[in-house]
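In what follows, a single structure is set out as structure tokens and then discussed.
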Amino acid sequence: MERTSFCFDNKNLSGLFSHPGKDGGIEGAKPLEVHLANTSILANSFASEKNIALCSTKFLSQIAKITALLHDIGKATSFFQTYLFDKKKPKTRLSRHSLISAICVWGTLNRLIEEKKIQEDKAFEGFTAILAFFATLKHHGNLEAASDMILISEDDLELCYEQIENIDKEKFNTLISNIFTLYPEIEIGFLTTDILREFVDLAKDSTKLFKKAFRKLFDTEMKFFFMLNLLYSILLDADKTEAIFGTLVDIPELNLSHIDVDSFRRRIFKPENFENSIKTLRDSAFEEATNCEIDENRRIYTLCLPTGLGKTIISFAFALKLRELAQKRFDSKFRIIYSLPFLSIIEQNYNVISQILSFCDLDITSDIILKHHHLSDIAYKTKDGLQNNQEEIFDKDIAKLLIEGWNSNIIVTTFVQFLESILTNKNSNMRKFHRIANSIIILDEVQAINSEYWFLCKNLFEKMCNSLNCYIILSTATMPFIVDKSRAISIVKPENYFDKLCRTELYFDNNFSKIKLEEFVANFEFEEEKTYLFVMNTVSSAKNLYELINQRFPDMQDEITILTTHIIPKERLRRIEQIKNKKYKIVVSTQLVEAGVDVDFDHVVRDIAPLDSIIQAAGRANREGKKGKSKVTVVELVSDRGRLFATEVYDSLLIDATKKILSQFQKVDESKFAELIFEYYKELARRGVIETSSDDKGTSQKFLEAIYRLLYTSSDSDSAAIGSFKLIEDEPYKIDVFVEADEEAKIIWQRFVEIREIKDFFERKKRFLEIRKSFYDYVISVPKTDNIPANFENLILYVPHSQLNDFYDLMTGFKTKGESYLSF
């Protein structure tokens with residue numbers, strides 16, 4: 001891994017510092033000019049790799065590197081220098097440095113633009129410097145509403161004047177002289193403390209003008225949103241990378257093509273493993289997709305295929321082909337971001353791509369492929385530039401930095417990580433935003449995005465692709481109304497595949513309409529040679545159904561299992577593998593197996609749910625097409641109070657629309673699923689469940705207006721703010737519990753307790769990263785009921801092994817009272 005940094009002659013340093021030494025003292029402290037120069041080098045590198053329509057690469061690089069070069073200039077005050085090496089003194093307003101640094105960035109950029117040292121992009125004329133001001137102002141915090149960030153109070157201005165008075169002029173002049181040598185062509189040598197004071201004077205006079213200008217700014221363009229996010233992200237990543245790692249991370253070239261994927265596919269999809277018709281359709285779909293004529297000016301592609309036809313491999317192969325063409329056209333590197341909705345399928349798809357890489361003799365190193373979600377292991381390794389082909393494994397702090405910054409060719413991540421890197425105001429989330437530029441994005445199982453956000457995603461994706469030079473591939477068996485068909489290219493013709501499949505038939509069984517679980521189990525006909533999957537809507541109904549089936553078949557308990565989120569993740573993954581290996585005849589599950597999990601049953605029974613969920617569940621039946629025609633039965637199960645379990649999870653409008661569509665048919669063959677789902681989405685649009693235009697003042701439109709207005713935060717409860725976006729809403733009625741379920745859990749818990757005793761916050765945090773993945777293998781999220789175990793330091797509930805039987809069942813998971821709760 002290549003590492004470069006800028007060095008100064010130690011004899012001519014200013015004597016100002018940005019960070020203390022390891023022991024908190026001046027020994028080993030980082031000179032301020034070193035930090036500024038290296039941060040600027042990194043920012044320039046990040047910006048220079050972007051070839052985007054939003055603005056020219058040269059313009060972006062100039063703004064990014066000057067912003068980074070001056071982002072911490074306020075650390076030159078005597079107040080900050082004293083604070084830096086005297087931690088006994090609390091941080092005060094006088095030692096803050098972001099505002100004075102932001103004003104310096106703003107004033108410098110304005111002057112350079114006026115003097116034609118920087119050619120301002122016309123799209124941002126008059127606004128470039130203020131966007132850089134925002135990025136600098138909040139580089140140690142989170143973005144706020146532009147209308148709030150733009151206000152500089154009299155007290156703030158007086159603070160700046162006082163800070164300037166307390167800058168050692170000789171040291172400051174040496175500092176500027178040193179960093180000026182980095183970019184002599186831009187000529188920032190004019191900066192003095194007197195010029196800084198002039199900038200503060202100008203800021204005082206300009207505040208009202210800024211506010212007035214931004215009132216006129218609000219329209220239906222996202223360019224200011226993308227530009228601010230980009231500058232902020234580049235500065236954050238450069239600053240943190242320099243502070244923690246110190247140098248540039250060089251990502252090696254990924255030499256892989258769709259032809260390599262085809263070779264891999266031919267090896268694993270052998271005719272003897274599949275019904276000939278399925279094998280033929282798989283081959284046909286792959287050939288059609290990889291031979292699809294690519295219009296490089298069209299940015300959004302769709303892959304709509306029935307389950308079991310290899311969408312993971314096809315979408316990845318198409319992404320590689322698209323990447324190759326894009327890299328040639330734009331002479332820039334493109335990364336692949338493979339995003340999925342659920343953790344349960346992250347591992348599965350990551351493993352498939354890793355198998356492809358291994359088949360092509362590529363190392364499975366972190367700079368080639370990276371897995372990132374909130375529970376992923378903190379480990380980053382490379383082989384680049386090392387002797388004897390040895391692995392280089394990085395320190396946890398550095399590994400965390402590199403992973404969360406998406407320093408890789410291929411990133412496998414979640415919808416939450418992807419969307420909340422764009423729609424956020426948070427410093428930690430937005431650092432990787434700039435990696436989205438020049439990327440091929442696969443959104444697999446895209447139907448899992450909540451329908452209230454479809455109109456938002458439609459507008460965001462279209463403008464993001466055009467502005468940031470991205471391409472998006474939407475992949476699913478049930479394509480939602482997220483994109484206009486006229487603006488997207490379908491890389492296969494879905495009807496060629498849905499029409500030819502007859503693996504399953506869908507029945508809406510009136511015999512099981514609004515029926516209680518006991519009656520359902522008593523009357524359901526099990527066939528001896530068949531396997532069954534029951535997909536339920538709530539954890540409680542799944543547990544009750546599991547118990548009732550066990551009572552009916554007491555001699556089959558080893559052949560029956562259950563999957564819910566009340567079972568620790570380690571055990572869930574083990575059971576999913578056992579299910580894939582055909583260990584069980586009957587499986588009761590919640591929705592966690594519904595989309596993308598590669599399991600196969602003879603008969604799937606689905607408690608009534610939105611139609612797209614039902615079709616996804618149907619994909620777990622007869623996937624390989626070897627069983628003639630399998631049944632998918634939809635039933636309506638109710639609680640003891642007579643209430644549909646479905647309405648405890650889903651909006652009743654979705655259930656009513658589903659029943660309206662299904663009630664028109666006695667049965668539906670798989671070949672008609674695509675038509676069925678299209679009619680369902682049309683019905684939702686008719687009922688106003690899906691926003692279809694800006695006239696619909698729903699959730700999506702409110703977020704779009706926040707984007708146009710740079711409203712990252714808002715005190716107005718009627719307005720959405722960018723920072724309030726959550727793909728998955730918080731569940732305040734749930735709480736995390738660590739379950740000491742086995743001997744390994746005992747060891748992990750003991751290590752956790754020992755780590756909590758470490759006094760140093762940063763060391764404690766670092767040590768926890770070492771056990772985080774293993775720790776969360778034993779953590780479940782459960783309802784807040786009266787069956788609550790001990791609370792450890794107000795951090796997490798804890799079930800010790802000695803009390804396991806009181807709180808946890810090894811088969812069905814956590815024991816709660818009154819378990820009608822969402823299952824995912």
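We name chains A, B, ... following the order of the structure tokens; residues begin at 1 in each chain, and ligands are numbered from 1 as shown.
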Find the residues of region 563-594 of chain A that sit at most 12 Å from region 740-761 of chain A; for each, write down the nearest two atoms and how far apart they are in Å, to one decimal. Count only C-alpha atoms. Sort by chain, then by number going up, and give it as CSV.
```
residue,atom,partner,partner_atom,distance
A:Ile567,CA,A:Ala741,CA,10.2
A:Ile568,CA,A:Ala741,CA,8.4
A:Pro569,CA,A:Ala741,CA,11.3
A:Lys570,CA,A:Ala741,CA,10.1
A:Glu571,CA,A:Ala741,CA,9.7
```
Quick check for you: according to DSSP on this backbone, which residues of region 744-817 of chain A are classed as strand (DSSP E)? Reply as a list in words.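 Result set for region 744-817 of chain A (strand (DSSP E)): Val779, Ile780, Ser781, Val782, Pro783, Ala790, Asn791, Phe792, Ile796, Leu797, Tyr798, Val799, Tyr808, Asp809, Gly813 and Phe814 of chain A.
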Kindly save the residues from that selection, with C-alpha atoms included, as a compact mmCIF listing (two decimals), in the first residue's frame.
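Output contents, as saved in part24.txt:
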```
# COMPACT_ATOMS: atom_id res chain seq x y z
CA VAL A 779 -27.10 -9.51 21.40
CA ILE A 780 -30.80 -9.45 20.56
CA SER A 781 -33.32 -6.62 20.53
CA VAL A 782 -36.45 -7.43 22.52
CA PRO A 783 -39.61 -5.64 23.69
CA ALA A 790 -30.28 -6.97 34.95
CA ASN A 791 -29.08 -3.68 33.48
CA PHE A 792 -25.28 -3.48 33.20
CA ILE A 796 -27.11 -3.05 28.00
CA LEU A 797 -29.33 -5.66 29.62
CA TYR A 798 -27.50 -8.83 30.59
CA VAL A 799 -28.67 -12.42 30.99
CA TYR A 808 -34.04 -17.44 27.26
CA ASP A 809 -35.16 -20.65 25.59
CA GLY A 813 -35.17 -17.45 22.04
CA PHE A 814 -35.94 -14.68 24.52
```
Measure the distance from CA of Arg299 (chain A) to CA of Ile472 (chain A) in Å and round it to one decimal.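 Straight-line distance from CA of Arg299 (chain A) to CA of Ile472 (chain A) works out to 6.4 Å.
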Using only C-alpha atoms, determine which residues lie at most 7 Å from Thr476 (chain A), disregarding the query and same-chain residues fewer than 3 positions distant; provide the list as a PyMOL selection string. chain A and resi 303-305+444-447+479
With N, CA and C atoms retained, export the selected residues as a PDB file, in the first residue's frame.
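Result file selection03.pdb:
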```pdb
ATOM      1  N   LEU A 303     -32.939  -4.802 -13.214  1.00  0.00           N
ATOM      2  CA  LEU A 303     -32.847  -6.240 -13.427  1.00  0.00           C
ATOM      3  C   LEU A 303     -33.994  -6.877 -12.662  1.00  0.00           C
ATOM      4  N   CYS A 304     -35.054  -7.201 -13.389  1.00  0.00           N
ATOM      5  CA  CYS A 304     -36.234  -7.813 -12.775  1.00  0.00           C
ATOM      6  C   CYS A 304     -36.335  -9.249 -13.262  1.00  0.00           C
ATOM      7  N   LEU A 305     -36.058 -10.174 -12.348  1.00  0.00           N
ATOM      8  CA  LEU A 305     -36.084 -11.604 -12.672  1.00  0.00           C
ATOM      9  C   LEU A 305     -36.743 -12.374 -11.532  1.00  0.00           C
ATOM     10  N   ASP A 444     -29.773  -4.295  -4.428  1.00  0.00           N
ATOM     11  CA  ASP A 444     -30.372  -5.622  -4.542  1.00  0.00           C
ATOM     12  C   ASP A 444     -31.553  -5.738  -3.577  1.00  0.00           C
ATOM     13  N   GLU A 445     -32.614  -6.395  -4.033  1.00  0.00           N
ATOM     14  CA  GLU A 445     -33.856  -6.490  -3.255  1.00  0.00           C
ATOM     15  C   GLU A 445     -34.378  -5.090  -2.930  1.00  0.00           C
ATOM     16  N   VAL A 446     -34.425  -4.261  -3.960  1.00  0.00           N
ATOM     17  CA  VAL A 446     -34.740  -2.839  -3.772  1.00  0.00           C
ATOM     18  C   VAL A 446     -36.168  -2.624  -3.280  1.00  0.00           C
ATOM     19  N   GLN A 447     -37.027  -3.629  -3.455  1.00  0.00           N
ATOM     20  CA  GLN A 447     -38.410  -3.492  -2.987  1.00  0.00           C
ATOM     21  C   GLN A 447     -38.485  -3.338  -1.471  1.00  0.00           C
ATOM     22  N   MET A 479     -40.238  -5.442  -8.952  1.00  0.00           N
ATOM     23  CA  MET A 479     -39.722  -4.092  -9.181  1.00  0.00           C
ATOM     24  C   MET A 479     -40.732  -3.026  -8.745  1.00  0.00           C
TER      25      MET A 479
END
```
Mind checking which residues fall within 10 Å of region 724-732 of chain A, counting only C-alpha atoms, ignoring those fewer than 5 positions away in the same chain, and posting them as a PyMOL selection string? chain A and resi 341+415-417+419-420+422-425+449-450+453+699+703+712-714+781-784+822+824
Show which residues sit within 10 Å of Ser344 (chain A), as a PyMOL selection string. Count only C-alpha atoms, and ignore same-chain residues fewer than 3 positions away. chain A and resi 340-341+347-349+569+572-573+576+592-593+595-597
Could those residues be written to a file, using C-alpha atoms, as a tab-separated table (two decimals), in the first residue's frame?
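Final file, out-v8.tsv:
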```
chain	number	residue	atom	x	y	z
A	340	LEU	CA	-28.61	-5.02	0.33
A	341	PRO	CA	-31.44	-4.52	2.83
A	347	GLU	CA	-22.83	-12.61	4.28
A	348	GLN	CA	-24.41	-14.74	1.57
A	349	ASN	CA	-23.80	-12.25	-1.25
A	569	PRO	CA	-27.52	-14.00	15.73
A	572	ARG	CA	-29.72	-17.85	13.64
A	573	LEU	CA	-26.88	-18.07	11.13
A	576	ILE	CA	-29.96	-20.90	8.23
A	592	LEU	CA	-36.06	-12.51	7.93
A	593	VAL	CA	-35.99	-15.35	5.33
A	595	ALA	CA	-35.92	-11.77	0.51
A	596	GLY	CA	-32.66	-13.09	-0.85
A	597	VAL	CA	-32.01	-15.94	1.61
```
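Closest approach to Glu547 (chain A) from the set A:Gln701, A:Gln616, A:Thr812, A:Ser513 is made by A:Thr812, with distances taken over only C-alpha atoms.
In this model, the gap between CA of Met430 (chain A) and CA of Phe418 (chain A) comes to 10.0 Å.
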So which residues touch Ile337 (chain A) within 9 Å, counting only C-alpha atoms, skipping near sequence neighbours fewer than 3 positions away, as JSON, numbers by chain? {"A": [409, 410, 411, 412, 413, 418, 436, 439, 440, 441, 442, 443]}
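Checking A:Gly107, A:Gly405, A:Gly21, A:Gly688 one by one against Arg197 (chain A), counting only C-alpha atoms, you find the shortest gap at A:Gly107.
Taking only C-alpha atoms into account, Phe85 (chain A) lies nearest to A:Ile26 out of the set A:Leu112, A:Ile26, A:Ala64, A:Leu501.
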Just to confirm, what's the straight-line distance from CA of Thr647 (chain A) to CA of Pro480 (chain A) in Å (one decimal)? 21.6 Å
With only C-alpha atoms counted and 10 Å as the cut-off, give the residues of region 20-57 of chain A in contact with region 71-81 of chain A, each with its shortest interatomic distance in Å and the pair that gives it, as JSON lines.
```
{"residue": "A:Pro20", "atom": "CA", "partner": "A:Gln81", "partner_atom": "CA", "distance": 9.7}
{"residue": "A:Leu32", "atom": "CA", "partner": "A:Lys75", "partner_atom": "CA", "distance": 7.8}
{"residue": "A:Glu33", "atom": "CA", "partner": "A:Ile73", "partner_atom": "CA", "distance": 9.1}
{"residue": "A:His35", "atom": "CA", "partner": "A:Asp72", "partner_atom": "CA", "distance": 8.7}
{"residue": "A:Leu36", "atom": "CA", "partner": "A:Asp72", "partner_atom": "CA", "distance": 7.0}
{"residue": "A:Thr39", "atom": "CA", "partner": "A:His71", "partner_atom": "CA", "distance": 9.1}
{"residue": "A:Ser40", "atom": "CA", "partner": "A:His71", "partner_atom": "CA", "distance": 9.2}
```
A:Thr290, A:Ser358, A:Asn510, A:Ser639: which is nearest Ser540 (chain A), counting only C-alpha atoms? A:Ser639
From A:Ser366, A:Thr207, A:Thr504, A:Thr108, residue lying nearest Met149 (chain A) [only C-alpha atoms]: A:Thr207
Residue nearest Asn544 (chain A) among A:Thr192, A:Ser589, A:Ser56, A:Ser177 (counting only C-alpha atoms): A:Ser589
Near Lys815 (chain A), within 9 Å and counting only C-alpha atoms, which residues show up once chain neighbours fewer than 4 positions away are dropped, as a list in words?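 In the requested format, the answer is His566, Asn787, Asp806, Phe807, Tyr808, Asp809 and Glu819 of chain A.
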Would you output that residue set with N, CA and C atoms, as a PDB file, in the first residue's frame?
```pdb
ATOM      1  N   HIS A 566     -35.533 -13.010  17.981  1.00  0.00           N
ATOM      2  CA  HIS A 566     -35.359 -13.212  19.423  1.00  0.00           C
ATOM      3  C   HIS A 566     -34.345 -14.318  19.708  1.00  0.00           C
ATOM      4  N   ASN A 787     -40.479  -8.645  31.897  1.00  0.00           N
ATOM      5  CA  ASN A 787     -39.505  -9.729  32.049  1.00  0.00           C
ATOM      6  C   ASN A 787     -38.122  -9.190  31.684  1.00  0.00           C
ATOM      7  N   ASP A 806     -34.453 -18.502  32.973  1.00  0.00           N
ATOM      8  CA  ASP A 806     -35.477 -17.523  33.349  1.00  0.00           C
ATOM      9  C   ASP A 806     -35.832 -16.586  32.203  1.00  0.00           C
ATOM     10  N   PHE A 807     -34.883 -16.388  31.293  1.00  0.00           N
ATOM     11  CA  PHE A 807     -35.068 -15.368  30.265  1.00  0.00           C
ATOM     12  C   PHE A 807     -34.946 -15.865  28.820  1.00  0.00           C
ATOM     13  N   TYR A 808     -34.365 -17.027  28.635  1.00  0.00           N
ATOM     14  CA  TYR A 808     -34.039 -17.438  27.260  1.00  0.00           C
ATOM     15  C   TYR A 808     -34.264 -18.926  27.074  1.00  0.00           C
ATOM     16  N   ASP A 809     -34.949 -19.261  25.977  1.00  0.00           N
ATOM     17  CA  ASP A 809     -35.163 -20.653  25.586  1.00  0.00           C
ATOM     18  C   ASP A 809     -34.222 -20.958  24.427  1.00  0.00           C
ATOM     19  N   GLU A 819     -46.242 -11.148  23.538  1.00  0.00           N
ATOM     20  CA  GLU A 819     -45.245 -10.945  22.486  1.00  0.00           C
ATOM     21  C   GLU A 819     -45.806 -10.542  21.128  1.00  0.00           C
TER      22      GLU A 819
END
```
Proximity of region 208-318 of chain A to region 121-132 of chain A: per-residue shortest pair, 8 Å limit, only C-alpha atoms, as a Markdown table:
```
| residue | atom | partner | partner_atom | distance |
| --- | --- | --- | --- | --- |
| A:Phe224 | CA | A:Phe124 | CA | 7.7 |
| A:Met227 | CA | A:Leu131 | CA | 7.7 |
| A:Leu228 | CA | A:Leu131 | CA | 5.6 |
| A:Leu231 | CA | A:Ala132 | CA | 6.8 |
| A:Tyr232 | CA | A:Ala132 | CA | 7.8 |
```
Export of the given selection (C-alpha atoms) as a tab-separated table (two decimals), in the first residue's frame:
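The new file selection_9.tsv reads:
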```
chain	number	residue	atom	x	y	z
A	224	PHE	CA	-25.80	22.88	-3.83
A	227	MET	CA	-21.52	20.19	-3.70
A	228	LEU	CA	-21.68	20.88	0.03
A	231	LEU	CA	-16.69	19.30	0.01
A	232	TYR	CA	-17.65	18.34	3.56
```
Based on DSSP run over this structure's backbone, return all residues of region 624-695 of chain A in helix (DSSP H, G or I), as a ChimeraX atom specification. /A:645-648,652-662,670-686
Write a file of the selected residues as a PDB file, in the first residue's frame, keeping C-alpha atoms.
```
ATOM      1  CA  PHE A 645     -51.299 -10.396  13.032  1.00  0.00           C
ATOM      2  CA  ALA A 646     -50.558  -8.587   9.750  1.00  0.00           C
ATOM      3  CA  THR A 647     -52.081  -5.315  10.961  1.00  0.00           C
ATOM      4  CA  GLU A 648     -49.720  -5.323  13.946  1.00  0.00           C
ATOM      5  CA  SER A 652     -53.938  -1.823   6.792  1.00  0.00           C
ATOM      6  CA  LEU A 653     -54.053  -0.066   3.387  1.00  0.00           C
ATOM      7  CA  LEU A 654     -51.326  -2.417   2.138  1.00  0.00           C
ATOM      8  CA  ILE A 655     -53.178  -5.469   3.409  1.00  0.00           C
ATOM      9  CA  ASP A 656     -56.498  -4.301   1.929  1.00  0.00           C
ATOM     10  CA  ALA A 657     -54.858  -3.687  -1.463  1.00  0.00           C
ATOM     11  CA  THR A 658     -53.296  -7.149  -1.368  1.00  0.00           C
ATOM     12  CA  LYS A 659     -56.610  -8.821  -0.540  1.00  0.00           C
ATOM     13  CA  LYS A 660     -58.337  -6.903  -3.321  1.00  0.00           C
ATOM     14  CA  ILE A 661     -55.811  -8.148  -5.896  1.00  0.00           C
ATOM     15  CA  LEU A 662     -55.672 -11.749  -4.642  1.00  0.00           C
ATOM     16  CA  GLU A 670     -45.781 -18.023 -11.121  1.00  0.00           C
ATOM     17  CA  SER A 671     -45.784 -16.904 -14.758  1.00  0.00           C
ATOM     18  CA  LYS A 672     -48.317 -14.179 -13.773  1.00  0.00           C
ATOM     19  CA  PHE A 673     -46.435 -12.863 -10.734  1.00  0.00           C
ATOM     20  CA  ALA A 674     -44.941  -9.893 -12.613  1.00  0.00           C
ATOM     21  CA  GLU A 675     -48.388  -8.789 -13.820  1.00  0.00           C
ATOM     22  CA  LEU A 676     -49.814  -9.304 -10.336  1.00  0.00           C
ATOM     23  CA  ILE A 677     -47.212  -7.124  -8.645  1.00  0.00           C
ATOM     24  CA  PHE A 678     -47.621  -4.391 -11.265  1.00  0.00           C
ATOM     25  CA  GLU A 679     -51.367  -4.264 -10.591  1.00  0.00           C
ATOM     26  CA  TYR A 680     -50.665  -4.134  -6.864  1.00  0.00           C
ATOM     27  CA  TYR A 681     -48.366  -1.119  -7.160  1.00  0.00           C
ATOM     28  CA  LYS A 682     -50.895   0.613  -9.397  1.00  0.00           C
ATOM     29  CA  GLU A 683     -53.522   0.046  -6.727  1.00  0.00           C
ATOM     30  CA  LEU A 684     -51.241   1.541  -4.065  1.00  0.00           C
ATOM     31  CA  ALA A 685     -50.650   4.603  -6.251  1.00  0.00           C
ATOM     32  CA  ARG A 686     -54.411   4.944  -6.781  1.00  0.00           C
TER      33      ARG A 686
END
```
